[in-house]
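Peer 1: Enclosed is the structure file my_file_23.txt (compact mmCIF, C-alpha atoms).
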# COMPACT_ATOMS: atom_id res chain seq x y z
CA MET A 1 4.56 25.09 29.98
CA ALA A 2 7.22 27.62 29.18
CA VAL A 3 6.35 31.14 30.22
CA VAL A 4 7.63 34.10 28.31
CA LYS A 5 8.61 36.69 30.83
CA SER A 6 9.99 39.24 28.46
CA SER A 7 11.27 39.38 24.96
CA SER A 8 14.68 40.54 26.09
CA SER A 9 15.21 37.36 28.11
CA CYS A 10 15.11 35.31 24.93
CA GLU A 11 13.16 32.60 26.69
CA THR A 12 11.03 32.81 23.61
CA VAL A 13 13.61 30.69 21.88
CA GLU A 14 12.15 27.70 23.74
CA LEU A 15 9.01 28.19 21.69
CA VAL A 16 10.68 28.20 18.30
CA SER A 17 10.47 24.43 17.79
CA ALA A 18 6.82 24.41 18.79
CA TYR A 19 6.30 27.29 16.38
CA LEU A 20 7.85 25.23 13.57
CA ASP A 21 5.67 22.25 14.51
CA GLY A 22 2.47 24.28 14.72
CA GLU A 23 2.18 23.32 18.38
CA LEU A 24 2.02 26.73 20.05
CA GLN A 25 -0.66 27.42 22.60
CA PRO A 26 -3.20 30.19 22.02
CA GLY A 27 -1.59 33.59 22.55
CA GLU A 28 1.95 32.36 22.06
CA LEU A 29 2.03 32.85 18.31
CA ASP A 30 1.95 36.65 18.52
CA ILE A 31 4.70 36.62 21.13
CA VAL A 32 6.98 34.45 19.00
CA VAL A 33 6.36 36.34 15.80
CA GLU A 34 6.94 39.67 17.47
CA HIS A 35 10.11 38.45 19.12
CA LEU A 36 11.51 36.93 15.93
CA GLY A 37 11.07 40.32 14.31
CA GLU A 38 13.45 41.97 16.70
CA CYS A 39 15.92 39.35 17.99
CA VAL A 40 18.78 38.47 15.67
CA ARG A 41 19.89 35.60 17.86
CA CYS A 42 16.49 33.94 17.80
CA ILE A 43 16.15 34.45 14.05
CA ALA A 44 19.42 32.55 13.58
CA GLU A 45 18.18 29.87 15.95
CA PHE A 46 14.93 29.64 14.04
CA HIS A 47 16.71 28.99 10.74
CA GLN A 48 19.02 26.40 12.24
CA LEU A 49 16.18 24.53 13.93
CA LYS A 50 14.18 24.66 10.75
CA GLU A 51 17.04 23.07 8.87
CA ILE A 52 17.67 20.28 11.39
CA ARG A 53 13.95 19.57 11.56
CA ALA A 54 13.79 19.25 7.78
CA ALA A 55 16.83 16.97 7.76
CA LEU A 56 15.27 14.69 10.38
CA ARG A 57 12.03 14.48 8.46
CA THR A 58 13.76 13.47 5.25
CA LEU A 59 15.65 10.58 6.80
CA PRO A 60 15.07 7.43 4.72
CA TYR A 61 12.04 5.50 5.91
CA LEU A 62 13.25 1.96 6.35
CA GLU A 63 11.38 -1.18 5.37
CA ILE A 64 10.62 -3.61 8.13
CA PRO A 65 12.03 -7.12 7.53
CA ASP A 66 9.34 -9.45 6.18
CA ARG A 67 10.01 -12.05 8.84
CA LEU A 68 8.64 -9.69 11.49
CA LEU A 69 5.23 -9.49 9.91
CA PRO A 70 2.53 -12.18 10.23
CA ASP A 71 1.30 -12.08 6.66
CA THR A 72 3.38 -9.85 4.53
CA HIS A 73 1.19 -9.20 1.52
CA PRO A 74 -2.51 -8.36 1.20
CA GLY A 75 -3.10 -10.81 -1.70
CA GLU A 76 -6.84 -11.15 -2.32
CA GLN A 77 -7.48 -7.92 -0.46
CA LEU A 78 -6.07 -6.00 -3.43
CA SER A 79 -9.10 -6.73 -5.61
CA ALA A 80 -11.47 -5.96 -2.76
CA TYR A 81 -9.55 -2.71 -2.27
CA LEU A 82 -10.10 -1.78 -5.91
CA ASP A 83 -13.81 -2.48 -5.52
CA GLY A 84 -14.07 -0.49 -2.30
CA GLN A 85 -15.14 -3.57 -0.37
CA LEU A 86 -12.66 -3.48 2.54
CA ASP A 87 -13.47 -2.38 6.04
CA THR A 88 -11.50 0.47 7.57
CA THR A 89 -8.80 -1.67 9.12
CA GLU A 90 -8.19 -3.69 5.98
CA HIS A 91 -8.22 -0.54 3.88
CA ASP A 92 -5.60 1.09 6.12
CA PHE A 93 -3.46 -2.02 5.92
CA VAL A 94 -3.55 -2.18 2.13
CA LEU A 95 -2.82 1.53 1.84
CA SER A 96 0.14 1.37 4.19
CA HIS A 97 1.43 -1.81 2.56
CA ILE A 98 1.37 -0.63 -1.05
CA ASP A 99 3.14 2.51 0.07
CA PHE A 100 6.36 0.54 0.38
CA CYS A 101 5.82 -2.85 -1.31
CA THR A 102 6.78 -2.57 -4.97
CA ASP A 103 5.49 -6.06 -5.81
CA CYS A 104 2.03 -5.41 -4.44
CA ARG A 105 1.92 -1.98 -6.03
CA LEU A 106 2.66 -3.58 -9.38
CA GLU A 107 0.06 -6.29 -8.78
CA LEU A 108 -2.48 -3.64 -7.86
CA HIS A 109 -1.83 -1.81 -11.12
CA GLU A 110 -2.20 -5.01 -13.11
CA LEU A 111 -5.44 -5.87 -11.35
CA ASP A 112 -6.71 -2.35 -11.90
CA ALA A 113 -5.86 -2.55 -15.61
CA ALA A 114 -7.59 -5.93 -15.94
CA ARG A 115 -10.61 -4.69 -14.02
CA THR A 116 -10.85 -1.59 -16.19
CA ALA A 117 -10.47 -3.64 -19.37
CA ILE A 118 -13.21 -6.06 -18.37
CA ARG A 119 -15.55 -3.30 -17.39
CA SER A 120 -14.86 -1.43 -20.61
CA LEU A 121 -16.03 -4.27 -22.85
CA PRO A 122 -18.72 -3.00 -25.21
CA GLY A 123 -22.24 -4.31 -25.00
CA LEU A 124 -22.78 -6.90 -27.78
CA GLU A 125 -25.59 -7.40 -30.25
CA ALA A 126 -27.09 -10.89 -30.21
CA PRO A 127 -25.42 -13.15 -32.77
CA GLU A 128 -27.50 -13.86 -35.89
CA PHE A 129 -27.93 -17.57 -35.18
CA LEU A 130 -29.48 -16.73 -31.82
CA GLU A 131 -32.01 -14.50 -33.57
CA VAL A 132 -32.87 -17.42 -35.88
CA HIS A 133 -33.45 -19.63 -32.87
CA ARG A 134 -35.55 -16.97 -31.24
CA GLU A 135 -37.79 -16.81 -34.32
CA ARG A 136 -38.08 -20.59 -34.44
CA VAL A 137 -39.08 -20.73 -30.79
CA GLU A 138 -41.70 -18.07 -31.30
CA ARG A 139 -42.99 -19.87 -34.35
CA GLU A 140 -43.15 -23.17 -32.48
CA ARG A 141 -45.10 -21.61 -29.64
CA TRP A 142 -47.52 -20.10 -32.09
CA THR A 143 -47.87 -23.45 -33.78
CA ARG A 144 -48.55 -25.27 -30.54
CA ARG A 145 -51.25 -22.80 -29.64
CA ARG A 146 -52.86 -23.26 -33.02
CA VAL A 147 -52.65 -27.02 -32.73
CA ALA A 148 -54.34 -27.02 -29.36
CA ALA A 149 -57.10 -24.80 -30.67
CA ALA A 150 -57.75 -26.81 -33.79
CA GLY A 151 -58.74 -29.86 -31.85
CA VAL A 152 -58.61 -33.46 -32.70
CA GLY A 153 -59.90 -32.93 -36.20
CA ILE A 154 -56.67 -31.44 -37.40
CA ALA A 155 -54.39 -33.60 -35.32
CA ALA A 156 -52.91 -35.09 -38.42
CA ALA A 157 -52.00 -31.69 -39.79
CA ALA A 158 -50.42 -30.73 -36.50
CA ALA A 159 -48.40 -33.91 -36.60
CA ILE A 160 -47.01 -32.90 -39.97
CA VAL A 161 -46.06 -29.50 -38.68
CA PHE A 162 -44.35 -31.06 -35.69
CA ALA A 163 -42.54 -33.50 -37.91
CA ALA A 164 -41.28 -30.60 -39.95
CA PHE A 165 -40.16 -28.40 -37.07
CA GLY A 166 -40.16 -30.48 -33.91
CA PRO A 167 -37.03 -32.64 -33.93
CA ALA A 168 -34.64 -29.91 -34.99
CA ALA A 169 -36.14 -27.33 -32.69
CA GLN A 170 -36.40 -29.56 -29.64
CA PRO A 171 -33.05 -28.80 -28.09
CA VAL A 172 -33.86 -25.12 -27.89
CA GLY A 173 -37.61 -25.44 -27.84
CA ASP A 174 -37.82 -25.09 -24.07
CA LEU A 175 -34.92 -22.68 -23.81
CA ASP A 176 -35.79 -19.06 -23.28
CA ILE A 177 -32.63 -17.23 -24.32
CA ASN A 178 -33.89 -13.74 -23.69
CA PRO A 179 -32.58 -13.55 -20.10
CA PHE A 180 -29.16 -14.67 -21.28
CA LEU A 181 -29.10 -12.03 -23.96
CA ASP A 182 -30.01 -9.41 -21.41
CA GLN A 183 -27.37 -10.58 -18.98
CA HIS A 184 -24.75 -10.62 -21.69
CA GLN A 185 -24.53 -6.87 -21.67
CA ALA A 186 -21.15 -6.05 -20.13
CA ARG A 187 -20.78 -3.09 -17.88
CA VAL A 188 -19.30 -0.25 -19.84
CA SER A 189 -18.19 2.12 -17.13
CA VAL A 190 -15.89 1.42 -14.23
CA GLU A 191 -17.72 1.79 -10.98
CA PRO A 192 -16.18 4.12 -8.41
CA GLY A 193 -14.75 1.71 -5.87
CA ILE A 194 -11.41 3.29 -5.11
CA ASN A 195 -9.94 6.71 -5.20
CA PHE A 196 -6.23 6.00 -5.03
CA VAL A 197 -3.88 3.75 -6.95
CA PRO A 198 -0.32 4.81 -6.18
CA ALA A 199 2.37 5.39 -8.75
CA LEU A 200 4.54 2.42 -9.58
CA ALA A 201 7.73 4.16 -8.51
CA PRO A 202 8.84 3.30 -4.97
CA ALA A 203 7.27 5.71 -2.53
CA GLY A 204 9.47 5.86 0.56
CA GLY A 205 9.89 9.08 2.45
CA ALA A 206 8.80 10.02 5.89
CA PRO A 207 5.11 9.60 6.74
CA MET B 208 -7.56 3.83 12.99
CA ALA B 209 -11.05 4.27 14.41
CA GLU B 210 -11.03 4.51 18.18
CA GLU B 211 -14.07 2.26 18.54
CA THR B 212 -12.38 -0.67 16.84
CA THR B 213 -9.92 -2.93 18.57
CA PRO B 214 -7.54 -4.29 15.94
CA THR B 215 -6.02 -7.72 15.98
CA TRP B 216 -2.34 -8.01 16.64
CA GLU B 217 -1.88 -8.93 12.98
CA ASP B 218 -3.48 -5.63 12.05
CA VAL B 219 -1.14 -3.83 14.41
CA ALA B 220 1.85 -5.61 12.89
CA ARG B 221 0.83 -4.74 9.36
CA ILE B 222 -0.22 -1.16 9.96
CA TYR B 223 2.23 -0.06 12.65
CA GLY B 224 5.10 -2.52 12.25
CA ARG B 225 7.07 -0.33 9.92
CA LYS B 226 6.67 2.75 12.10
CA ILE B 227 7.73 0.83 15.17
CA TYR B 228 10.73 -0.51 13.28
CA ASN B 229 11.79 2.96 12.17
CA PHE B 230 11.31 4.32 15.67
CA ALA B 231 13.43 1.52 17.06
CA TYR B 232 16.11 1.85 14.42
CA ARG B 233 16.48 5.59 14.90
CA LEU B 234 16.73 5.14 18.65
CA THR B 235 19.19 2.25 18.57
CA GLY B 236 21.00 2.68 15.24
CA ASN B 237 21.04 -1.10 14.98
CA PRO B 238 18.78 -3.22 12.71
CA ASP B 239 19.00 -6.28 14.95
CA ASP B 240 17.98 -4.33 18.03
CA ALA B 241 15.20 -2.71 16.04
CA ALA B 242 13.90 -6.12 14.92
CA ASP B 243 14.06 -7.42 18.49
CA LEU B 244 12.06 -4.46 19.67
CA VAL B 245 9.38 -4.94 17.03
CA GLN B 246 8.99 -8.57 18.06
CA GLU B 247 8.79 -7.64 21.71
CA VAL B 248 6.25 -4.90 21.06
CA LEU B 249 4.04 -7.20 18.98
CA LEU B 250 4.21 -9.81 21.70
CA ARG B 251 3.10 -7.29 24.30
CA VAL B 252 0.38 -6.02 22.00
CA ARG B 253 -0.88 -9.57 21.52
CA LYS B 254 -1.11 -10.05 25.27
CA GLY B 255 -2.41 -6.58 25.96
CA LEU B 256 -5.19 -6.50 23.38
CA ALA B 257 -7.26 -8.86 25.53
CA SER B 258 -7.56 -6.19 28.20
CA TYR B 259 -7.37 -3.17 25.91
CA VAL B 260 -10.18 -0.68 26.38
CA PRO B 261 -10.92 1.15 23.13
CA GLY B 262 -9.67 4.69 23.34
CA SER B 263 -6.49 6.36 22.19
CA PHE B 264 -4.95 3.38 20.47
CA ASP B 265 -1.88 5.27 19.27
CA GLY B 266 -1.12 6.49 22.78
CA TRP B 267 -1.51 2.94 24.11
CA LEU B 268 0.67 1.43 21.39
CA TRP B 269 3.51 3.95 21.64
CA ARG B 270 3.52 3.67 25.40
CA ILE B 271 4.02 -0.08 24.99
CA THR B 272 6.70 0.55 22.39
CA ARG B 273 8.59 2.99 24.54
CA ASN B 274 8.39 0.81 27.63
CA ALA B 275 9.59 -2.18 25.64
CA PHE B 276 12.51 -0.15 24.40
CA LEU B 277 13.43 1.05 27.87
CA ASP B 278 13.16 -2.48 29.26
CA GLY B 279 15.42 -3.69 26.47
CA VAL B 280 17.96 -1.04 27.31
CA ARG B 281 17.96 -2.06 30.96
CA LYS B 282 18.15 -5.77 30.22
CA LYS B 283 21.05 -5.50 27.89
CA ASN B 284 22.75 -3.08 30.22
CA ARG B 285 23.90 -1.06 27.33
CA ARG B 286 26.31 1.74 27.85
CA PRO B 287 24.11 4.62 28.92
CA THR B 288 23.93 7.65 26.73
CA SER B 289 25.77 10.63 28.10
CA PRO B 290 24.75 14.23 28.25
CA LEU B 291 26.50 16.51 25.87
CA PRO B 292 29.93 17.58 27.05
CA ASP B 293 30.12 21.17 28.13
CA ASP B 294 32.72 21.90 25.52
CA ASP B 295 31.15 21.54 22.11
CA ARG B 296 34.52 21.77 20.44
CA ASN B 297 35.28 18.24 21.57
CA ILE B 298 32.44 17.03 19.43
CA LEU B 299 32.64 19.32 16.49
CA GLY B 300 36.36 18.90 16.01
CA ALA B 301 38.19 20.70 13.26
CA SER B 302 36.44 22.67 10.56
CA PRO B 303 35.08 20.42 7.81
CA SER B 304 36.72 20.30 4.42
CA PRO B 305 34.68 21.29 1.36
CA ASP B 306 34.41 17.62 0.37
CA GLU B 307 32.96 16.78 3.74
CA VAL B 308 30.50 19.60 3.51
CA LEU B 309 29.36 18.42 0.10
CA ALA B 310 29.09 14.77 1.10
CA SER B 311 25.34 15.01 1.35
CA VAL B 312 24.94 11.33 0.59
CA ARG B 313 26.27 10.64 4.03
CA LEU B 314 23.89 13.03 5.67
CA SER B 315 21.49 10.43 6.93
CA ASP B 316 24.36 8.43 8.42
CA ASP B 317 25.65 11.56 10.07
CA ILE B 318 22.25 12.39 11.49
CA GLN B 319 21.85 8.83 12.75
CA ALA B 320 25.24 8.95 14.43
CA ALA B 321 24.41 12.30 15.98
CA LEU B 322 21.02 11.04 17.17
CA LEU B 323 22.72 8.30 19.15
CA LYS B 324 24.73 10.92 21.01
CA VAL B 325 21.64 12.77 22.16
CA PRO B 326 20.43 11.69 25.62
CA LEU B 327 17.60 9.20 25.43
CA ASP B 328 14.88 11.40 26.95
CA PHE B 329 15.43 13.99 24.24
CA ARG B 330 16.16 11.51 21.47
CA GLU B 331 12.88 9.64 21.87
CA CYS B 332 10.84 12.83 21.75
CA VAL B 333 12.63 14.03 18.61
CA VAL B 334 12.22 10.64 16.92
CA LEU B 335 8.55 10.33 17.87
CA CYS B 336 7.96 13.81 16.48
CA ASP B 337 10.13 13.92 13.36
CA VAL B 338 10.39 10.25 12.35
CA VAL B 339 7.14 8.70 13.58
CA GLY B 340 5.12 11.87 13.06
CA LEU B 341 3.24 12.04 16.35
CA THR B 342 1.80 15.28 17.72
CA TYR B 343 3.03 16.72 21.00
CA GLU B 344 -0.17 15.48 22.64
CA GLU B 345 0.39 11.94 21.37
CA ILE B 346 4.01 12.00 22.50
CA SER B 347 2.82 13.23 25.87
CA GLU B 348 0.59 10.16 26.16
CA ALA B 349 3.33 7.84 24.97
CA ILE B 350 6.00 9.01 27.40
CA GLU B 351 3.51 9.85 30.15
CA ALA B 352 4.80 13.37 30.62
CA PRO B 353 3.20 16.80 30.29
CA VAL B 354 3.02 18.43 26.88
CA GLY B 355 5.27 21.21 28.13
CA THR B 356 7.96 18.67 28.88
CA VAL B 357 7.57 17.19 25.42
CA ARG B 358 7.89 20.61 23.86
CA SER B 359 11.02 21.43 25.80
CA ARG B 360 12.65 18.07 25.03
CA ILE B 361 11.98 18.33 21.32
CA HIS B 362 13.45 21.80 21.21
CA ARG B 363 16.52 20.91 23.23
CA GLY B 364 16.97 17.64 21.37
CA ARG B 365 17.02 19.42 18.03
CA LYS B 366 19.47 21.99 19.37
CA MET B 367 21.79 19.23 20.50
CA LEU B 368 21.61 17.64 17.07
CA ARG B 369 22.36 20.93 15.39
CA GLU B 370 25.44 21.35 17.52
CA LEU B 371 26.58 17.80 16.85
CA LEU B 372 26.26 18.00 13.10
CA THR B 373 28.60 19.69 10.69
CA TRP B 374 27.03 22.98 9.81
CA PRO B 375 25.49 23.91 7.39
CA LEU B 376 23.86 20.56 6.58
Give the structure from the file, written as structure tokens.

Peer 2:
Amino acid sequence: MAVVKSSSSCETVELVSAYLDGELQPGELDIVVEHLGECVRCIAEFHQLKEIRAALRTLPYLEIPDRLLPDTHPGEQLSAYLDGQLDTTEHDFVLSHIDFCTDCRLELHELDAARTAIRSLPGLEAPEFLEVHRERVERERWTRRRVAAAGVGIAAAAAIVFAAFGPAAQPVGDLDINPFLDQHQARVSVEPGINFVPALAPAGGAP
Amino acid sequence: MAEETTPTWEDVARIYGRKIYNFAYRLTGNPDDAADLVQEVLLRVRKGLASYVPGSFDGWLWRITRNAFLDGVRKKNRRPTSPLPDDDRNILGASPSPDEVLASVRLSDDIQAALLKVPLDFRECVVLCDVVGLTYEEISEAIEAPVGTVRSRIHRGRKMLRELLTWPL
């Protein structure tokens, strides 16, 4: 650890980089700030180090050749990412990958658009023909109950009723469509699964 | 990455591969050497994960990366980097022309060239700090040296770069 013996020795200049990096130890900040206020040489050094540090941190961040990676693209993980269904490791991988992979970023946007479109479908009213079937089913049930209650004496009448309604209604007679109608309601809002879909423009830049 | 979780080597490759590649490229200035280093690091990670004890994964990984780099340097018996000459004028040469000063598009090439002239001990600390983005503490773990040493090397490394580069940037 560098020790500041006195401001006049300019040993403080050793602390300037740590000052820029926010890496000073407790008590050193006051020493550096005070010294920079009175030492022209260290002020000049500060500005030069600040500039070289900025230049280093804006060096282009290079893409690693695909051949060095085991499985280059997240593929199916993109949809799971949108739905917030990845574990921490997978999530970190997808985030770091889409930061530089234009193809996957584009695919993610397309998937997100498709997902949003599907989830934005309006809930639908039941088609009219389904309502007709529903009424026929209800009527048939009512009829069957009445037939059972009437007993053998009106069996002939029940047979007529069945002849009138039975054959046509048979295919849907045992089908209860109410659950299907209920399930047909599409989700209107997009559930919060993700909180970040990057811009399509290449990201790049230092981490 | 959570400290409790031990990643697979595929995870390491996907998440850290690019950082390792950039670290290697900035240290060597050569894409082939950088690719070789990434492969070597991933190989060592694959072997090492079996005995890895969850803890500071970044420190463990960058220590492997640095050691792999140093081993590569020794094996290839590259020309060792030299300390800066005493006379800076030999490096700086004549005053730059206005065109040279304004050639900012070449800045990254200039910085890369200057980086390669900085002695390795200082270069690796500067790259780990300014390119990889590690803290002094993490660099300390990676190079197995005290934080004070890291701090001094980063400062001196940046000063060397400043003196090597045409000024102002």

Peer 1: Using Å and a single decimal, report how far atom CA of Ile64 of chain A sits from atom CA of Ala220 of chain B.

Peer 2: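 Distance reported for this atom pair: 10.2 Å.
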
Peer 1: What are the nearest atom pairs, with distances in Å to one decimal, for all residues of chain B that come at most 7 Å from chain A, using all atoms listed in the file, set out by chain and rising residue number as a tab-separated table?

Peer 2:
residue	atom	partner	partner_atom	distance
B:Met208	CA	A:Thr89	CA	6.8
B:Glu217	CA	A:Pro70	CA	6.1
B:Ala220	CA	A:Leu69	CA	5.9
B:Arg221	CA	A:Phe93	CA	6.1
B:Ile222	CA	A:Phe93	CA	5.2
B:Gly224	CA	A:Ile64	CA	7.0
B:Arg225	CA	A:Ile64	CA	5.2
B:Tyr228	CA	A:Ile64	CA	6.0
B:Asn229	CA	A:Leu62	CA	6.1
B:Gln246	CA	A:Leu68	CA	6.7
B:Ser315	CA	A:Leu59	CA	5.8
B:Asp337	CA	A:Arg57	CA	5.3
B:Val338	CA	A:Arg57	CA	6.0
B:Gly340	CA	A:Pro207	CA	6.7
B:Gly355	CA	A:Met1	CA	4.4
B:Arg358	CA	A:Ala18	CA	6.4
B:Ser359	CA	A:Glu14	CA	6.7
B:His362	CA	A:Ser17	CA	5.2
B:Arg365	CA	A:Leu49	CA	6.6
B:Lys366	CA	A:Leu49	CA	6.8
B:Arg369	CA	A:Ile52	CA	6.2

Peer 1: Can you measure atom CA of Asp87 of chain A to atom CA of Trp216 of chain B for me? One decimal in Å is fine.

Peer 2: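 Interatomic distance, atom CA of Asp87 of chain A to atom CA of Trp216 of chain B: 16.4 Å.
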
Peer 1: What is the distance, in Å and to one decimal place, between atom CA of His109 of chain A and atom CA of Leu86 of chain A?

Peer 2: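 Result for atom CA of His109 of chain A versus atom CA of Leu86 of chain A: 17.5 Å, one decimal.
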
Peer 1: Pick from B:Thr373, B:Thr342, B:Thr215, B:Ser258: nearest to Ala320 of chain B, with only C-alpha atoms counted?

Peer 2: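 Among the listed residues, the smallest separation from Ala320 of chain B belongs to B:Thr373.
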
Peer 1: Write out as a ChimeraX atom specification each polymer residue whose atoms come within 7 Å of Ile361 of chain B, counting all atoms listed in the file; drop sequence neighbours fewer than 3 positions from it.

Peer 2: /B:329,332-333,357-358,364-365

Peer 1: Export C-alpha atoms of the chosen residues as a tab-separated table (two decimals), in the coordinates of the input?

Peer 2:
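Output contents, as saved in selection-v6.tsv:
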chain	number	residue	atom	x	y	z
B	329	PHE	CA	15.43	13.99	24.24
B	332	CYS	CA	10.84	12.83	21.75
B	333	VAL	CA	12.63	14.03	18.61
B	357	VAL	CA	7.57	17.19	25.42
B	358	ARG	CA	7.89	20.61	23.86
B	364	GLY	CA	16.97	17.64	21.37
B	365	ARG	CA	17.02	19.42	18.03

Peer 1: Using all atoms listed in the file, which of B:Lys282, B:Lys254, B:Arg273, B:Lys226 sits nearest Glu351 of chain B?

Peer 2: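 The shortest atom-to-atom distance to Glu351 of chain B comes from B:Arg273.
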
Peer 1: Which residue out of B:Met367, B:Leu250, B:Ala241, B:Trp267 has the minimum interatomic distance to Ile318 of chain B when all atoms listed in the file are used?

Peer 2: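 Among the listed residues, B:Met367 lies closest to Ile318 of chain B.
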
Peer 1: Mind checking which residues fall within 8 Å of Leu268 of chain B, counting all atoms listed in the file, ignoring those fewer than 3 positions away in the same chain, and posting them as a list in words?

Peer 2: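 Selected residues are Val252, Phe264, Asp265, Ile271, Thr272 and Ala349 of chain B.
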
Peer 1: Can I get the selection written as a CSV table (one decimal), keeping the file's coordinate frame, with C-alpha atoms?

Peer 2:
chain,number,residue,atom,x,y,z
B,252,VAL,CA,0.4,-6.0,22.0
B,264,PHE,CA,-5.0,3.4,20.5
B,265,ASP,CA,-1.9,5.3,19.3
B,271,ILE,CA,4.0,-0.1,25.0
B,272,THR,CA,6.7,0.6,22.4
B,349,ALA,CA,3.3,7.8,25.0

Peer 1: Need the shell around Ile350 of chain B: protein/DNA/RNA residues with any atom at most 12 Å away, counting all atoms listed in the file. Skip same-chain ones fewer than 2 positions apart. Format as an MDAnalysis selection string?

Peer 2: chainID B and resid 265:277 327:329 331:332 335 341 343:348 352:354 356:357 360

Peer 1: Around all the atoms of segment 44-49 of chain A listed in the file, with 6 Å of room on each side, what axis-aligned box do you get, giving centre and edge lengths in Å to one decimal, as lines of an AutoDock Vina configuration file?

Peer 2:
center_x = 17.2
center_y = 28.5
center_z = 13.3
size_x = 16.5
size_y = 20.0
size_z = 17.2

Peer 1: Restricting the calculation to all atoms listed in the file: of A:Leu111, A:Ala199, A:Thr12, A:Trp142, which residue gets closest to Gly37 of chain A?

Peer 2: A:Thr12

Peer 1: Any chance you could model N, CA and C atoms for segment 328-340 of chain B and send them as a compact mmCIF listing (two decimals), in the frame of the given file?

Peer 2:
# COMPACT_ATOMS: atom_id res chain seq x y z
N ASP B 328 16.13 10.68 26.72
CA ASP B 328 14.88 11.40 26.95
C ASP B 328 14.58 12.38 25.82
N PHE B 329 15.62 13.01 25.30
CA PHE B 329 15.43 13.99 24.24
C PHE B 329 15.31 13.28 22.89
N ARG B 330 16.14 12.23 22.74
CA ARG B 330 16.16 11.51 21.47
C ARG B 330 14.79 10.92 21.15
N GLU B 331 14.16 10.30 22.15
CA GLU B 331 12.88 9.64 21.87
C GLU B 331 11.80 10.64 21.49
N CYS B 332 11.85 11.83 22.10
CA CYS B 332 10.84 12.83 21.75
C CYS B 332 11.06 13.34 20.32
N VAL B 333 12.33 13.56 19.97
CA VAL B 333 12.63 14.03 18.61
C VAL B 333 12.23 12.97 17.58
N VAL B 334 12.54 11.71 17.87
CA VAL B 334 12.22 10.64 16.92
C VAL B 334 10.70 10.46 16.80
N LEU B 335 10.01 10.48 17.93
CA LEU B 335 8.55 10.33 17.87
C LEU B 335 7.92 11.47 17.09
N CYS B 336 8.51 12.65 17.19
CA CYS B 336 7.96 13.81 16.48
C CYS B 336 8.34 13.81 15.01
N ASP B 337 9.64 13.69 14.73
CA ASP B 337 10.13 13.92 13.36
C ASP B 337 10.23 12.66 12.52
N VAL B 338 10.31 11.50 13.12
CA VAL B 338 10.39 10.25 12.35
C VAL B 338 9.03 9.55 12.32
N VAL B 339 8.44 9.40 13.51
CA VAL B 339 7.14 8.70 13.58
C VAL B 339 6.00 9.63 13.17
N GLY B 340 6.14 10.91 13.48
CA GLY B 340 5.12 11.87 13.06
C GLY B 340 4.00 12.08 14.06
